Structure formats: structure tokens, C-alpha cells
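Each remark here refers to the structure printed beneath this line.
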Amino acid sequence: MTSASRRYTVVAAILLAITVLCIYFYFNPESGRLFPRCPFLILTGFQCPGCGSQRAIHSLLHGDIASAWHFNAVMLLFIPIVAILLIAEIKREKWARFYASVNSRYVIWGIAAILLLWGVLRNIC
Amino acid sequence: MTEYWAIINENQEGPFSLDELMSLDITADTPVWCAGMEAWAWAADIPEIAERLTSTGTVEIPPIPDTPFIPEIPVSGTLQEEPAKVETARNTPGIPAGKCPPTYLVWAILCTIFCCMPLGIPAIIYASQVTSCYRNGDYDGAHERSEKAALWVIISFVVGLTTLPLQIAFSLL
């Protein structure tokens with residue numbers, strides 16, 4: 001990607017993120033309709049690791065961390081992790097060692113284990 | 001006059017004359033190739049380029065005890081002091097050595113949480129193999145896993161997006 005097209009992509013991504021956050025701020029996914037339902041939950045009846053994220057984001061945007069934790073605790077925990085990984089992704093060329101260390105297989109296995117365990121535990125507990 | 005090719009920001013660029021090449025953003029870690037060479041080599045390993053790298057600035061690859069296969073940005077010292085151990089690790093014949101290919105891990109996580117959970121998991125598995133292969137010096141393997149990780153991210157994203165109307169329709173029931 002050239003630097004110009006990369007810049008447009010970044011701007012488009014930021015605008016999209018702001019739009020989505022505005023929607024989740026002004027509308028409550030719990031009461032309001034038109035919010036997508038999890039296909040995994042519809043098909044299997046089990047909650048997937050991401051279930052409750054929409055409600056959690058809505059709560060978080062209103063400063064209600066306790067509710068956000070209640071709706072999806074792992075999503076809340078993953079916000080800083082995703083932020084660090086996103087920075088590493090953006091700075092992949094310049095900070096090659098930082099990228100390699102946050103993308104080490106132990107980190108990735110840990111993330112996969114947390115997501116899978118969460119997906120199982122939230123359905124049996 | 002010898003013509004040089006270099007891999008800059010993951011793109012193969014060239015041909016350049018030596019002067020043109022040196023005017024680009026070349027570091028000791030830039031893969032360079034010219035006619036007569038069997039394989040791509042690091043800029044620091046090609047005498048005529050290394051000479052000019054050292055004349056403009058000082059170049060050295062510090063020893064990396066924990067992560068031996070990850071190229072380092074040169075900091076200080078001279079090229080001649082480069083440790084032999086790092087030298088052999090970087091000169092894998094026939095493979096254009098370079099930076100670790102992207103793992104797409106962050107996108108795999110976002111897809112797992114927000115798109116379609118089962119399809120994000122293979123992307124995460126492939127992401128872990130990218131760094132494993134890269135650390136073992138298997139650059140081809142790392143690139144292959146990187147592409148597969150990207151493929152699964154795209155699959156889960158597309159499945160998530162195409163079923164979105166259906167997911168919204170279910171919310172109206």
C-alpha cells in the first residue's frame with residue numbers, strides 16, 4: 001500500500017469506528033431492535049465468546065463498567081490487549097522486535113486459550 | 001554499471017544504480033540483490049553497500065540473545081564487529097530474508113469477538129504458527145501461514161458481513 005492509500009484507509013477506519021461508537025452510545029442494543037443477533041447463539045443456543053459485546057460497549061460508553069463486565073467480561077479485558085496489538089500492527093515495520101514479542105506464540109496461545117475457555121465457562125457456569 | 005534491486009516496505013523495487021540505491025532509505029537490514037548474486041542478501045553483507053553505509057553512519061547488529069532470528073535496527077559500532085552467529089542465521093540461501101510477516105492477530109481477535117466466533121479460531125491458530133516458523137528461520141512457512149491467517153480473517157469477516165441482514169432480521173422476531 002502506498003502512503004496515500006494507507007492514509008485514506010486509516011481515516012476511513014477511524015470515521016467508521018466513530019460512527020459505530022455513536023450508534024452504540026445513542027441506542028441501547030438491549031431494548032432497541034435492529035441490532036444484529038449472534039448467529040452462533042441462534043444456531044447452537046450457546047453463547048459465543050463475543051456474546052454481550054454490543055451491550056457491554058453501550059454500558060462502557062455510558063461509564064457503567066460494572067454492567068460492561070457483567071455483559072462480557074473478556075471483551076472488557078481485551079480492550080487494552082487489542083489496543084497494544086493494534087499499535088504493534090501499525091508500527092510493524094519500525095518496531096520489528098516489539099511486534100515479534102507481542103505476537104509470540106505464547107501470547108497467541110494464551111489469547112486463544114482465554115477465548116475458548118471463556119466460551120465454554122460462560123455457558124456452564 | 002551494476003543494477004541493484006531492493007525490498008523496501010515489502011515491495012521489490014529496482015533497478016537502481018548504486019548511487020540511486022544509497023539515496024533511498026537503505027539500512028543494514030534491507031534485502032538487496034544484484035546480477036551475479038545467488039540470492040538476496042542484507043545490505044550490510046554486500047561489500048560496496050556496507051562500505052557506504054559505514055561511511056555515512058555507523059552500523060552494527062547487536063547480539064540478540066533471546067530472539068536470534070529477528071533482524072535488529074542497527075544502532076552503533078562498526079559492521080566488522082558483527083557477530084558470526086547472527087551472520088549465519090541471516091544468510092539463509094535462496095530466501096529473501098526480511099521482517100516477520102504479519103500475523104493478523106488483532107483482526108483475528110476482533111473477528112472472533114464481533115463476527116463469527118468459530119471462523120476466527122483458525123486465524124488465531126495460523127497467527128501463532130507465523131511467529132513459530134519465523135523464529136525457526138522458515139521464512140517461506142511463515143509467509144504461507146501469514147496468508148492463511150489473512151484468508152481466515154477475510155472468510156470470517158465476509159461471513160459475518162453477509163449474514164448481517166439475517167442477524168438483524170432475527171432481532172425483529
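In the C-alpha cells, chains take the letters A, B, ... in the order shown, each chain's residues start at 1, and ligands count up from 1 in the order shown.
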Once you count only C-alpha atoms, which residues of chain A turn out to be within 7 Å of chain B? Could you give them as a ChimeraX atom specification? /A:33-39,48-50,82,85-86,96-97,103-105,108-109,112
Prev. selection, N, CA, C and O atoms, output as a short mmCIF file (atom, residue, chain, number, x, y, z; two decimals), in the first residue's frame:
```
data_model
loop_
_atom_site.label_atom_id
_atom_site.label_comp_id
_atom_site.auth_asym_id
_atom_site.auth_seq_id
_atom_site.Cartn_x
_atom_site.Cartn_y
_atom_site.Cartn_z
N ARG A 33 -34.42 -2.50 18.71
CA ARG A 33 -34.32 -3.54 17.69
C ARG A 33 -33.29 -3.14 16.65
O ARG A 33 -32.64 -2.12 16.79
N LEU A 34 -33.15 -3.95 15.64
CA LEU A 34 -32.24 -3.73 14.51
C LEU A 34 -30.76 -3.96 14.87
O LEU A 34 -29.89 -3.77 14.05
N PHE A 35 -30.50 -4.37 16.09
CA PHE A 35 -29.12 -4.73 16.41
C PHE A 35 -28.92 -6.21 16.08
O PHE A 35 -29.77 -7.04 16.41
N PRO A 36 -27.82 -6.56 15.40
CA PRO A 36 -27.63 -7.95 14.96
C PRO A 36 -27.58 -8.93 16.13
O PRO A 36 -27.01 -8.63 17.18
N ARG A 37 -28.18 -10.09 15.92
CA ARG A 37 -28.11 -11.17 16.90
C ARG A 37 -26.97 -12.11 16.53
O ARG A 37 -26.67 -12.29 15.36
N CYS A 38 -26.38 -12.73 17.55
CA CYS A 38 -25.26 -13.64 17.30
C CYS A 38 -25.73 -14.90 16.57
O CYS A 38 -26.60 -15.61 17.07
N PRO A 39 -25.16 -15.18 15.37
CA PRO A 39 -25.58 -16.38 14.64
C PRO A 39 -25.25 -17.67 15.39
O PRO A 39 -25.99 -18.65 15.31
N CYS A 48 -21.42 -17.39 22.42
CA CYS A 48 -20.05 -17.42 21.90
C CYS A 48 -19.20 -16.47 22.75
O CYS A 48 -19.73 -15.71 23.55
N PRO A 49 -17.86 -16.48 22.61
CA PRO A 49 -17.03 -15.61 23.44
C PRO A 49 -17.35 -14.11 23.26
O PRO A 49 -17.03 -13.30 24.12
N GLY A 50 -17.99 -13.78 22.14
CA GLY A 50 -18.26 -12.36 21.88
C GLY A 50 -19.65 -11.92 22.29
O GLY A 50 -19.94 -10.73 22.25
N VAL A 82 -6.15 -5.55 22.70
CA VAL A 82 -6.36 -5.21 21.29
C VAL A 82 -5.67 -3.88 20.96
O VAL A 82 -5.08 -3.74 19.89
N LEU A 85 -1.97 -4.59 20.52
CA LEU A 85 -1.75 -5.33 19.27
C LEU A 85 -1.96 -4.44 18.05
O LEU A 85 -1.25 -4.58 17.05
N LEU A 86 -2.90 -3.51 18.16
CA LEU A 86 -3.17 -2.61 17.04
C LEU A 86 -1.99 -1.66 16.83
O LEU A 86 -1.58 -1.41 15.70
N ALA A 96 10.08 -3.80 14.80
CA ALA A 96 10.00 -5.22 14.45
C ALA A 96 10.10 -6.12 15.68
O ALA A 96 9.41 -7.13 15.78
N ARG A 97 10.94 -5.75 16.63
CA ARG A 97 11.12 -6.59 17.81
C ARG A 97 9.91 -6.54 18.74
O ARG A 97 9.50 -7.54 19.31
N ASN A 103 3.57 -10.66 19.41
CA ASN A 103 2.96 -11.68 18.57
C ASN A 103 3.61 -13.05 18.76
O ASN A 103 3.49 -13.91 17.90
N SER A 104 4.33 -13.24 19.87
CA SER A 104 4.98 -14.53 20.10
C SER A 104 3.91 -15.61 20.29
O SER A 104 2.78 -15.31 20.67
N ARG A 105 4.32 -16.85 20.01
CA ARG A 105 3.30 -17.91 20.04
C ARG A 105 2.68 -18.08 21.41
O ARG A 105 1.52 -18.47 21.54
N ILE A 108 -0.10 -15.65 21.69
CA ILE A 108 -1.23 -16.03 20.84
C ILE A 108 -1.96 -17.24 21.41
O ILE A 108 -3.18 -17.28 21.46
N TRP A 109 -1.18 -18.23 21.90
CA TRP A 109 -1.82 -19.40 22.52
C TRP A 109 -2.61 -18.97 23.75
O TRP A 109 -3.70 -19.49 24.00
N ALA A 112 -5.82 -17.41 22.58
CA ALA A 112 -6.74 -18.45 22.08
C ALA A 112 -7.34 -19.23 23.25
O ALA A 112 -8.55 -19.50 23.28
#
```
Residues within 12 Å of Ala73 in chain A, please, as a list in words. Count only C-alpha atoms; anything in the same chain fewer than 6 positions from it doesn't count. Pro49, Gly50, Cys51, Gly52, Ser53, Arg55, Ala56, Ile57, Leu60, Ile65, Ala66, Ser67, Ile79, Ile114, Leu115, Trp118, Gly119, Leu121 and Arg122 of chain A; Ile113 of chain B
Suppose we keep all heavy atoms; can you now write the selection as a compact mmCIF listing (two decimals), in the first residue's frame?
```
# COMPACT_ATOMS: atom_id res chain seq x y z
N PRO A 49 -17.86 -16.48 22.61
CA PRO A 49 -17.03 -15.61 23.44
C PRO A 49 -17.35 -14.11 23.26
O PRO A 49 -17.03 -13.30 24.12
CB PRO A 49 -15.61 -15.90 22.98
CG PRO A 49 -15.67 -17.24 22.35
CD PRO A 49 -17.04 -17.34 21.76
N GLY A 50 -17.99 -13.78 22.14
CA GLY A 50 -18.26 -12.36 21.88
C GLY A 50 -19.65 -11.92 22.29
O GLY A 50 -19.94 -10.73 22.25
N CYS A 51 -20.50 -12.88 22.67
CA CYS A 51 -21.89 -12.51 23.02
C CYS A 51 -21.91 -11.49 24.14
O CYS A 51 -21.20 -11.62 25.13
CB CYS A 51 -22.68 -13.76 23.42
SG CYS A 51 -23.24 -14.70 21.98
N GLY A 52 -22.76 -10.51 24.00
CA GLY A 52 -22.88 -9.47 25.03
C GLY A 52 -21.99 -8.28 24.76
O GLY A 52 -22.05 -7.28 25.49
N SER A 53 -21.18 -8.35 23.71
CA SER A 53 -20.24 -7.25 23.42
C SER A 53 -20.97 -5.95 23.10
O SER A 53 -20.53 -4.87 23.51
CB SER A 53 -19.34 -7.62 22.24
OG SER A 53 -18.47 -8.66 22.62
N ARG A 55 -23.95 -4.93 24.13
CA ARG A 55 -24.48 -4.35 25.37
C ARG A 55 -23.33 -3.82 26.24
O ARG A 55 -23.46 -2.77 26.87
CB ARG A 55 -25.28 -5.41 26.13
CG ARG A 55 -26.65 -5.67 25.52
CD ARG A 55 -27.25 -6.96 26.05
NE ARG A 55 -26.59 -8.13 25.50
CZ ARG A 55 -26.67 -9.35 26.02
NH1 ARG A 55 -27.37 -9.55 27.12
NH2 ARG A 55 -26.04 -10.35 25.46
N ALA A 56 -22.21 -4.57 26.24
CA ALA A 56 -21.05 -4.14 27.04
C ALA A 56 -20.50 -2.81 26.54
O ALA A 56 -20.16 -1.93 27.33
CB ALA A 56 -19.97 -5.21 26.99
N ILE A 57 -20.44 -2.65 25.22
CA ILE A 57 -19.93 -1.40 24.64
C ILE A 57 -20.86 -0.24 25.00
O ILE A 57 -20.41 0.83 25.39
CB ILE A 57 -19.76 -1.53 23.10
CG1 ILE A 57 -18.57 -2.44 22.80
CG2 ILE A 57 -19.56 -0.17 22.44
CD1 ILE A 57 -18.44 -2.85 21.34
N LEU A 60 -20.28 0.60 28.60
CA LEU A 60 -18.96 1.22 28.76
C LEU A 60 -18.97 2.68 28.30
O LEU A 60 -18.39 3.55 28.95
CB LEU A 60 -17.94 0.42 27.97
CG LEU A 60 -16.48 0.57 28.38
CD1 LEU A 60 -16.29 0.11 29.82
CD2 LEU A 60 -15.59 -0.25 27.46
N ILE A 65 -18.99 0.56 34.07
CA ILE A 65 -18.03 -0.53 33.90
C ILE A 65 -18.58 -1.83 34.50
O ILE A 65 -18.36 -2.91 33.94
CB ILE A 65 -16.66 -0.15 34.51
CG1 ILE A 65 -16.07 1.02 33.70
CG2 ILE A 65 -15.69 -1.32 34.47
CD1 ILE A 65 -14.84 1.64 34.30
N ALA A 66 -19.30 -1.73 35.61
CA ALA A 66 -19.85 -2.94 36.25
C ALA A 66 -20.79 -3.69 35.30
O ALA A 66 -20.71 -4.91 35.17
CB ALA A 66 -20.58 -2.55 37.53
N SER A 67 -21.66 -2.95 34.62
CA SER A 67 -22.57 -3.59 33.66
C SER A 67 -21.79 -4.17 32.48
O SER A 67 -22.10 -5.27 32.02
CB SER A 67 -23.58 -2.58 33.12
OG SER A 67 -24.45 -2.19 34.14
N ILE A 79 -9.87 -5.08 25.65
CA ILE A 79 -9.72 -3.74 25.08
C ILE A 79 -8.25 -3.28 25.12
O ILE A 79 -7.69 -2.92 24.09
CB ILE A 79 -10.67 -2.72 25.74
CG1 ILE A 79 -12.11 -3.06 25.34
CG2 ILE A 79 -10.32 -1.30 25.32
CD1 ILE A 79 -13.16 -2.25 26.07
N ILE A 114 -7.73 -18.24 26.42
CA ILE A 114 -8.68 -17.40 27.17
C ILE A 114 -10.04 -17.35 26.45
O ILE A 114 -11.08 -17.55 27.05
CB ILE A 114 -8.13 -15.96 27.37
CG1 ILE A 114 -6.93 -15.98 28.33
CG2 ILE A 114 -9.20 -15.03 27.91
CD1 ILE A 114 -6.15 -14.67 28.38
N LEU A 115 -9.98 -17.13 25.13
CA LEU A 115 -11.23 -17.01 24.36
C LEU A 115 -12.03 -18.31 24.38
O LEU A 115 -13.24 -18.31 24.59
CB LEU A 115 -10.93 -16.59 22.92
CG LEU A 115 -10.55 -15.12 22.70
CD1 LEU A 115 -10.15 -14.89 21.25
CD2 LEU A 115 -11.70 -14.21 23.07
N TRP A 118 -13.33 -19.06 27.97
CA TRP A 118 -14.42 -18.15 28.25
C TRP A 118 -15.70 -18.62 27.54
O TRP A 118 -16.78 -18.62 28.11
CB TRP A 118 -14.03 -16.74 27.80
CG TRP A 118 -15.10 -15.70 27.80
CD1 TRP A 118 -15.51 -14.97 26.73
CD2 TRP A 118 -15.88 -15.24 28.91
NE1 TRP A 118 -16.50 -14.09 27.10
CE2 TRP A 118 -16.75 -14.25 28.45
CE3 TRP A 118 -15.93 -15.60 30.26
CZ2 TRP A 118 -17.65 -13.59 29.25
CZ3 TRP A 118 -16.84 -14.94 31.08
CH2 TRP A 118 -17.69 -13.94 30.57
N GLY A 119 -15.52 -19.07 26.29
CA GLY A 119 -16.67 -19.57 25.51
C GLY A 119 -17.31 -20.77 26.17
O GLY A 119 -18.54 -20.95 26.12
N LEU A 121 -16.79 -21.73 29.65
CA LEU A 121 -17.16 -21.47 31.05
C LEU A 121 -18.44 -20.64 31.18
O LEU A 121 -19.27 -20.90 32.05
CB LEU A 121 -16.02 -20.76 31.79
CG LEU A 121 -14.82 -21.64 32.11
CD1 LEU A 121 -13.72 -20.81 32.77
CD2 LEU A 121 -15.22 -22.78 33.03
N ARG A 122 -18.62 -19.66 30.29
CA ARG A 122 -19.78 -18.78 30.42
C ARG A 122 -21.09 -19.54 30.16
O ARG A 122 -22.16 -19.08 30.54
CB ARG A 122 -19.66 -17.57 29.51
CG ARG A 122 -19.82 -17.90 28.03
CD ARG A 122 -19.58 -16.70 27.16
NE ARG A 122 -20.32 -15.54 27.64
CZ ARG A 122 -20.44 -14.39 26.98
NH1 ARG A 122 -19.86 -14.26 25.80
NH2 ARG A 122 -21.10 -13.39 27.46
N ILE B 113 -14.46 -12.06 18.31
CA ILE B 113 -15.37 -11.44 19.26
C ILE B 113 -16.61 -10.85 18.57
O ILE B 113 -17.72 -11.00 19.04
CB ILE B 113 -14.64 -10.36 20.10
CG1 ILE B 113 -13.58 -11.03 20.98
CG2 ILE B 113 -15.63 -9.59 20.98
CD1 ILE B 113 -12.82 -10.08 21.88
```
Sel. of alpha helix (DSSP H) residues, chain A, as JSON, numbers by chain: {"A": [3, 4, 5, 6, 7, 8, 9, 10, 11, 12, 13, 14, 15, 16, 17, 18, 19, 20, 21, 22, 23, 24, 25, 26, 39, 40, 41, 42, 43, 44, 53, 54, 55, 56, 57, 58, 59, 60, 61, 65, 66, 67, 68, 69, 70, 71, 73, 74, 75, 76, 77, 78, 79, 80, 81, 82, 83, 84, 85, 86, 87, 88, 89, 90, 96, 97, 98, 99, 100, 101, 102, 105, 106, 107, 108, 109, 110, 111, 112, 113, 114, 115, 116, 117, 118, 119, 120, 121, 122, 123, 124]}
Which value, in Å to one decimal, gives the distance between CA of Glu3 in chain B and CA of Asp140 in chain B?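 Answer for the CA of Glu3 in chain B to CA of Asp140 in chain B separation: 26.0 Å.
For the choices B:Met22, B:Ala142, B:Val153, B:Ala6, the atom-to-atom distance to Glu51 in chain B is smallest for B:Met22 when using only C-alpha atoms.
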Excluding same-chain residues fewer than 4 positions from Thr30 in chain B, what lies within 6 Å of it counting only C-alpha atoms, as an mmCIF file with all heavy atoms, in the first residue's frame?
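Dumped everything to result.cif:
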```
data_model
loop_
_atom_site.group_PDB
_atom_site.id
_atom_site.type_symbol
_atom_site.label_atom_id
_atom_site.label_comp_id
_atom_site.auth_asym_id
_atom_site.auth_seq_id
_atom_site.Cartn_x
_atom_site.Cartn_y
_atom_site.Cartn_z
ATOM 1 N N ILE B 26 17.877 3.069 2.863
ATOM 2 C CA ILE B 26 18.509 1.760 2.997
ATOM 3 C C ILE B 26 19.136 1.632 4.384
ATOM 4 O O ILE B 26 19.829 2.533 4.838
ATOM 5 C CB ILE B 26 19.613 1.589 1.921
ATOM 6 C CG1 ILE B 26 19.006 1.652 0.524
ATOM 7 C CG2 ILE B 26 20.410 0.308 2.119
ATOM 8 C CD1 ILE B 26 18.289 0.424 0.095
ATOM 9 N N TRP B 42 21.439 -9.221 2.823
ATOM 10 C CA TRP B 42 21.221 -7.991 3.573
ATOM 11 C C TRP B 42 22.190 -6.927 3.060
ATOM 12 O O TRP B 42 23.313 -7.244 2.678
ATOM 13 C CB TRP B 42 21.469 -8.226 5.053
ATOM 14 C CG TRP B 42 20.566 -9.243 5.628
ATOM 15 C CD1 TRP B 42 20.770 -10.593 5.652
ATOM 16 C CD2 TRP B 42 19.311 -9.024 6.241
ATOM 17 N NE1 TRP B 42 19.714 -11.218 6.239
ATOM 18 C CE2 TRP B 42 18.799 -10.280 6.628
ATOM 19 C CE3 TRP B 42 18.560 -7.881 6.512
ATOM 20 C CZ2 TRP B 42 17.578 -10.420 7.260
ATOM 21 C CZ3 TRP B 42 17.343 -8.033 7.151
ATOM 22 C CH2 TRP B 42 16.857 -9.279 7.518
ATOM 23 N N ALA B 43 21.738 -5.693 3.049
ATOM 24 C CA ALA B 43 22.578 -4.590 2.572
ATOM 25 C C ALA B 43 23.940 -4.615 3.267
ATOM 26 O O ALA B 43 24.982 -4.365 2.645
ATOM 27 C CB ALA B 43 21.881 -3.258 2.806
#
```
